[in-house]
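Shown next: data_31.cif, given as mmCIF, C-alpha atoms.
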```
data_model
loop_
_atom_site.label_atom_id
_atom_site.label_comp_id
_atom_site.auth_asym_id
_atom_site.auth_seq_id
_atom_site.Cartn_x
_atom_site.Cartn_y
_atom_site.Cartn_z
CA MET D 1 0.00 0.00 0.00
CA LEU D 2 2.82 2.40 0.87
CA LEU D 3 4.49 1.70 -2.47
CA PHE D 4 1.22 2.54 -4.25
CA LEU D 5 0.97 5.92 -2.44
CA VAL D 6 4.58 6.78 -3.26
CA LEU D 7 4.04 5.95 -6.93
CA LEU D 8 0.83 7.97 -6.96
CA LEU D 9 2.62 11.02 -5.54
CA LEU D 10 5.51 10.68 -7.98
CA SER D 11 3.19 10.47 -10.97
CA SER D 12 1.01 13.45 -9.99
CA PRO D 13 1.52 16.80 -11.76
CA VAL D 14 4.00 19.04 -9.98
CA CYS D 15 2.82 22.46 -8.87
CA SER D 16 4.11 25.01 -6.44
CA ALA D 17 2.55 27.90 -4.58
CA GLN D 18 5.06 30.61 -3.85
CA GLU D 19 5.09 32.63 -0.66
CA MET D 20 2.89 35.69 -0.38
CA GLN D 21 4.46 38.92 -1.61
CA GLY D 22 3.66 42.22 0.12
CA PRO D 23 2.81 42.94 3.76
CA GLY D 24 -0.44 40.93 3.76
CA GLY D 25 -3.38 41.39 6.08
CA GLY D 26 -7.11 41.39 5.53
CA SER D 27 -9.29 38.85 3.75
CA TYR D 28 -7.72 35.89 1.95
CA PHE D 29 -8.66 34.93 -1.64
CA TYR D 30 -7.73 32.22 -4.14
CA VAL D 31 -8.52 32.79 -7.82
CA ARG D 32 -10.50 29.73 -8.88
CA GLY D 33 -11.03 28.50 -12.42
CA GLU D 34 -8.10 26.23 -13.31
CA GLU D 35 -10.52 23.43 -14.23
CA GLN D 36 -11.81 25.63 -17.09
CA GLY D 37 -8.44 25.78 -18.86
CA GLU D 38 -5.13 27.57 -18.87
CA ILE D 39 -4.79 31.27 -18.12
CA GLN D 40 -5.67 33.29 -21.22
CA GLY D 41 -5.90 36.78 -19.73
CA ILE D 42 -5.26 39.00 -16.73
CA ARG D 43 -7.49 41.86 -15.60
CA ILE D 44 -6.09 44.17 -12.91
CA PHE D 45 -8.08 46.93 -11.19
CA VAL D 46 -5.90 49.98 -10.54
CA GLY D 47 -6.98 52.78 -8.23
CA MET D 48 -5.78 56.24 -7.29
CA MET D 49 -2.01 56.62 -7.00
CA GLY D 50 -1.50 53.33 -8.82
CA LEU D 51 -2.70 51.07 -6.00
CA ILE D 52 -3.58 47.55 -7.16
CA LYS D 53 -7.16 47.05 -5.95
CA GLY D 54 -8.30 43.79 -7.55
CA ILE D 55 -7.58 40.92 -9.90
CA GLN D 56 -9.39 38.59 -12.31
CA LEU D 57 -7.92 35.78 -14.40
CA LYS D 58 -9.35 34.40 -17.62
CA PHE D 59 -9.24 30.59 -17.68
CA GLY D 60 -10.02 29.26 -21.16
CA GLU D 61 -13.00 31.34 -22.31
CA HIS D 62 -14.24 32.28 -18.80
CA TRP D 63 -13.26 35.14 -16.49
CA SER D 64 -12.98 34.33 -12.79
CA PRO D 65 -14.88 36.43 -10.27
CA ARG D 66 -13.13 39.64 -9.26
CA TYR D 67 -11.07 39.40 -6.05
CA GLY D 68 -9.85 42.30 -3.96
CA ALA D 69 -10.99 45.70 -2.76
CA PRO D 70 -13.82 47.58 -4.52
CA GLY D 71 -13.18 50.23 -7.15
CA GLY D 72 -10.35 50.86 -9.56
CA ARG D 73 -10.16 51.01 -13.32
CA ALA D 74 -9.95 47.67 -15.15
CA GLN D 75 -6.91 47.13 -17.35
CA GLU D 76 -6.43 43.82 -19.13
CA PHE D 77 -3.78 41.82 -20.91
CA LEU D 78 -4.88 38.96 -23.17
CA LEU D 79 -2.46 36.20 -24.07
CA TRP D 80 -1.83 34.97 -27.59
CA SER D 81 -2.58 31.37 -28.50
CA GLY D 82 0.06 29.14 -26.88
CA GLU D 83 1.47 31.98 -24.75
CA ARG D 84 1.99 31.43 -21.00
CA ILE D 85 2.81 33.60 -17.97
CA THR D 86 6.39 32.73 -16.96
CA ALA D 87 7.28 35.41 -14.38
CA VAL D 88 5.73 38.13 -12.25
CA ALA D 89 7.54 41.05 -10.64
CA GLY D 90 6.21 43.94 -8.63
CA SER D 91 6.53 46.18 -5.63
CA ALA D 92 4.63 46.82 -2.41
CA ARG D 93 4.40 49.11 0.58
CA ALA D 94 1.21 48.82 2.66
CA CYS D 95 -0.44 47.77 -0.62
CA ILE D 96 0.65 46.03 -3.80
CA ARG D 97 1.64 49.00 -5.94
CA HIS D 98 2.96 47.48 -9.15
CA LEU D 99 2.74 44.18 -11.07
CA ARG D 100 4.64 43.23 -14.24
CA TRP D 101 3.65 39.97 -15.94
CA SER D 102 6.11 38.34 -18.39
CA THR D 103 5.21 35.73 -20.98
CA SER D 104 6.77 32.85 -22.84
CA ARG D 105 6.74 35.03 -25.99
CA GLY D 106 8.78 37.84 -24.42
CA ARG D 107 5.85 40.20 -23.90
CA GLN D 108 5.24 42.11 -20.67
CA ALA D 109 2.23 43.88 -19.18
CA THR D 110 2.67 46.43 -16.40
CA PHE D 111 -0.02 47.60 -13.99
CA GLY D 112 0.24 50.29 -11.30
CA ARG D 113 3.33 52.34 -10.41
CA PRO D 114 6.56 51.00 -8.90
CA ALA D 115 7.01 52.01 -5.24
CA GLY D 116 8.29 50.24 -2.16
CA ALA D 117 9.98 46.87 -1.73
CA ARG D 118 10.46 44.96 -4.98
CA PHE D 119 9.67 41.28 -5.45
CA SER D 120 9.75 38.71 -8.22
CA ALA D 121 8.27 35.26 -8.70
CA HIS D 122 9.19 32.52 -11.18
CA PRO D 123 8.23 28.87 -11.65
CA PRO D 124 10.43 26.51 -9.63
CA ALA D 125 11.23 24.37 -12.70
CA ALA D 126 11.77 24.91 -16.42
CA GLY D 127 8.71 24.49 -18.59
CA GLN D 128 6.26 25.46 -15.85
CA GLN D 129 3.79 28.34 -16.00
CA LEU D 130 1.40 30.34 -13.86
CA LEU D 131 -1.65 28.25 -12.94
CA SER D 132 -3.44 30.66 -10.58
CA ALA D 133 -2.96 33.37 -7.95
CA ASN D 134 -3.95 33.99 -4.36
CA GLY D 135 -3.62 36.86 -1.96
CA GLN D 136 -5.06 39.12 0.69
CA HIS D 137 -6.91 42.42 0.50
CA GLY D 138 -8.08 45.14 2.84
CA LEU D 139 -10.61 47.90 2.28
CA PHE D 140 -8.43 49.86 -0.13
CA CYS D 141 -6.12 47.49 -2.02
CA LEU D 142 -4.48 44.11 -2.40
CA SER D 143 -2.11 43.76 0.54
CA GLY D 144 -0.47 40.53 -0.60
CA ILE D 145 -0.26 38.28 -3.64
CA GLY D 146 1.10 34.80 -4.30
CA PHE D 147 1.39 32.65 -7.39
CA LYS D 148 0.71 28.99 -8.09
CA TRP D 149 3.14 27.53 -10.65
CA GLY D 150 3.07 24.17 -12.35
CA SER D 151 2.88 22.20 -15.56
CA ALA D 152 0.03 22.80 -17.95
CA PRO D 153 -2.81 20.35 -17.47
CA GLU D 154 -2.85 17.70 -20.17
CA LYS D 155 -5.50 18.24 -22.78
CA PRO D 156 -7.70 15.32 -23.76
CA SER D 157 -6.36 13.48 -26.78
CA ALA D 158 -8.07 14.30 -30.06
CA GLN D 159 -7.63 10.64 -30.96
CA GLY D 160 -9.71 9.20 -28.14
CA PRO D 161 -12.09 6.30 -28.58
CA ALA D 162 -13.67 6.10 -32.03
CA VAL D 163 -17.06 7.78 -32.03
CA VAL D 164 -19.23 8.21 -35.12
CA THR D 165 -20.91 11.59 -35.32
CA GLY D 166 -22.93 13.28 -37.99
CA GLY D 167 -21.49 16.78 -37.62
CA PRO D 168 -18.45 18.53 -39.08
CA ALA D 169 -15.11 18.42 -37.29
CA THR D 170 -14.22 21.43 -35.16
CA SER D 171 -10.86 22.83 -34.15
CA GLU D 172 -9.76 24.26 -30.83
CA GLY D 173 -7.15 26.88 -30.01
CA LYS D 174 -8.69 30.13 -31.22
CA GLY D 175 -6.15 32.93 -31.38
CA VAL D 176 -6.21 35.53 -28.62
CA THR D 177 -5.03 39.07 -29.20
CA ALA D 178 -3.67 41.51 -26.66
CA ARG D 179 -5.54 44.73 -25.97
CA PRO D 180 -3.55 47.86 -25.37
CA LEU D 181 -3.30 48.65 -21.69
CA ALA D 182 -5.04 51.79 -20.48
CA HIS D 183 -2.88 54.14 -18.46
CA SER D 184 -4.27 55.90 -15.42
#
```
Show me this structure written as C-alpha cells.
Amino acid sequence: MLLFLVLLLLSSPVCSAQEMQGPGGGSYFYVRGEEQGEIQGIRIFVGMMGLIKGIQLKFGEHWSPRYGAPGGRAQEFLLWSGERITAVAGSARACIRHLRWSTSRGRQATFGRPAGARFSAHPPAAGQQLLSANGQHGLFCLSGIGFKWGSAPEKPSAQGPAVVTGGPATSEGKGVTARPLAHS
C-alpha cells in the first residue's frame, strides 16, 4: 500500500505555490477557475495613485470572479494562443503598488506604479507556467499576492475512442489578441 501511495505522488503533476508577496493582512482569496483551462488573460483593477485594488484571471474562455478591494479602473492583458505567464515582478508598501507579468513570448504587461519593496516570482522548474494566484486584500487594495506555478494540465487526446458523429469536425485553439493597456 505504501508503495502505491509513493508511486501515486511521484506520478502526480507538480505544482508550487510561492510565498505571499507584500505585507499581507485582511481577507484571503484564491482565484478559482483552473478546471476551465489555462490562463488566457489578466485583468487588474488599478486605483488612485496606482494602487492595485483587484484581480481577475481568464481561464479558457471564462473570467474568474473579481477578487480584492472595490473600485479601480480595469486594465487587461490577453495572451496569444500558446502563450503562457512565466514570471511576475512587482513592488509593495502597505499595498501592492505594481505588477509586471512576463510571458513565454517575451511580452510584458505592467499595472500600477513601482514604489516600495520589490519582489519577483518565477516557476520553480523549467517548462512550468502560472496556474493561478492567491492573496489578501483590505478595504483599499491588495495587501499581498502569491502565485501557483506548475505544468500545464494535459488536454484530452483528439484521438480518443472512435465515435461516429454526424457533424463537421471542429478545431480548438482560437487565437487571442492583446488589448492595449489603459494608463491611469
key: Picked residues, the PyMOL selection byres ((chain D and resi 51) around 7), as a VMD selection string   = chain D and resid 46 to 50 52 to 53 95 to 97 112 141
Coordinates-based distance that separates atom CA of Phe45 of chain D from atom CA of Gly127 of chain D (Å, one decimal) =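 Atom-to-atom, atom CA of Gly127 of chain D to atom CA of Phe45 of chain D, that is 29.0 Å.
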Counting all atoms listed in the file, the option among D:Thr103, D:Thr86, D:Lys58, D:Phe111 closest to Arg73 of chain D = D:Phe111
task = Starting from the shown file, work through the PyMOL selection byres ((chain D and resi 85) around 9) and note down what comes out as an MDAnalysis selection string.
result = chainID D and resid 39 79 83:84 86:88 101:104 129:131
query = atom CA of Gly54 of chain D and atom CA of Thr110 of chain D, how far apart in Å?
reply = 14.3 Å
ask   = Of the residues D:Gly138, D:Ile55, D:Glu34, D:Ala69, which is the one nearest to Gly150 of chain D, using only C-alpha atoms?
value =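 Using only C-alpha atoms, Gly150 of chain D sits closest to D:Glu34.
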inquiry  = Can you spell out as a PyMOL selection string the set of residues that the PyMOL selection byres ((chain D and resi 147) around 8) selects in the structure I just provided?
reply    = chain D and resi 17-20+121+130-134+145-146+148-149
